[in-house]
Amino acid sequence: MEVIDVRTRIYKKEKLYFVTHIPGYVVCKHARRTPFVMRQTIWKNLNVFQGKLPVKNIHKPENVVAVCKALGEKMIAPTSTLSKMTGLTQVTVDRILNYLHASHKVYIADYDVGKLRINRTRLWALGDHADATVPASEPAEVRREKMKAHRSKYEEKREQKGKPAAQAATYRDPLTAAFFGAREIANDSLAALPSHVYRQAMDTSDEMEAAA
């Protein structure tokens, strides 16, 4: 019986694992995919995996060119900035940058730690240089204190936004205030408002009729 070399192979720029052997065939599979059958002669001719895969470019060439052009204009930029400049999603830009990084075309020039020194945002640049060292994180106690201070400022701003506006000035005429929205009496019934009845005398004197 022929001995089958079960070492991992490279097929379509991906690792191909040996599963089992059928006379004349080999059952193999890619990672996290359904196994399939391959002729034994084809399996033998495949390159053996040596611990390094060739860089796989699965991105549209125009997207790769757009990211490189935007990065050349900014010189150094995070993924979010490149996403706005190219109109691509941040996921797409991240994947393209990882591909370019594996191809030694871009490198991590620096890290943006933010105001609280909690973030570790990568800043990319064109070139084949060594990546910047990741900044050391601060002690957990210091980070907690900063987060508490940041949270308290946020709550204060939120409370200020939620405060009602200053009350409107009270109108002298309560009926006018009711029609034009005074808060003090906007919900009161009109029947409860004080009113004045003006009566005009219908009787005229003889002197006024003579003058007319």
# chains A, B, ... in the order shown; residues from 1 in each chain; ligands from 1
$ residues_around --residues "Gln40 of chain A" --least-positions-apart "5" --cutoff "10 Å" --atoms "only C-alpha atoms" --output "list in words"
Ile4, His21, Ile22, Pro23, Gly24, Tyr25, Val26, Val27 and Asn45 of chain A
$ write_last_selection --atoms "C-alpha atoms" --output "tab-separated table (two decimals), in the first residue's frame"
chain	number	residue	atom	x	y	z
A	4	ILE	CA	0.42	9.15	1.42
A	21	HIS	CA	-7.34	8.64	1.91
A	22	ILE	CA	-9.47	6.82	-0.65
A	23	PRO	CA	-7.79	4.54	-3.23
A	24	GLY	CA	-6.64	6.95	-5.93
A	25	TYR	CA	-8.06	10.01	-4.13
A	26	VAL	CA	-7.43	12.22	-1.13
A	27	VAL	CA	-10.11	13.84	1.00
A	45	ASN	CA	2.11	17.88	-7.10
$ residues_around --residues "Trp124 of chain A" --least-positions-apart "5" --cutoff "8 Å" --atoms "only C-alpha atoms" --output "count of residues only"
10
$ residues_around --residues "Pro135 of chain A" --least-positions-apart "6" --cutoff "8 Å" --atoms "only C-alpha atoms" --output "ChimeraX atom specification"
/A:111,113,120
$ atom_distance --atom1 "atom CA of Ser103 of chain A" --atom2 "atom CA of Glu14 of chain A"
16.5 Å
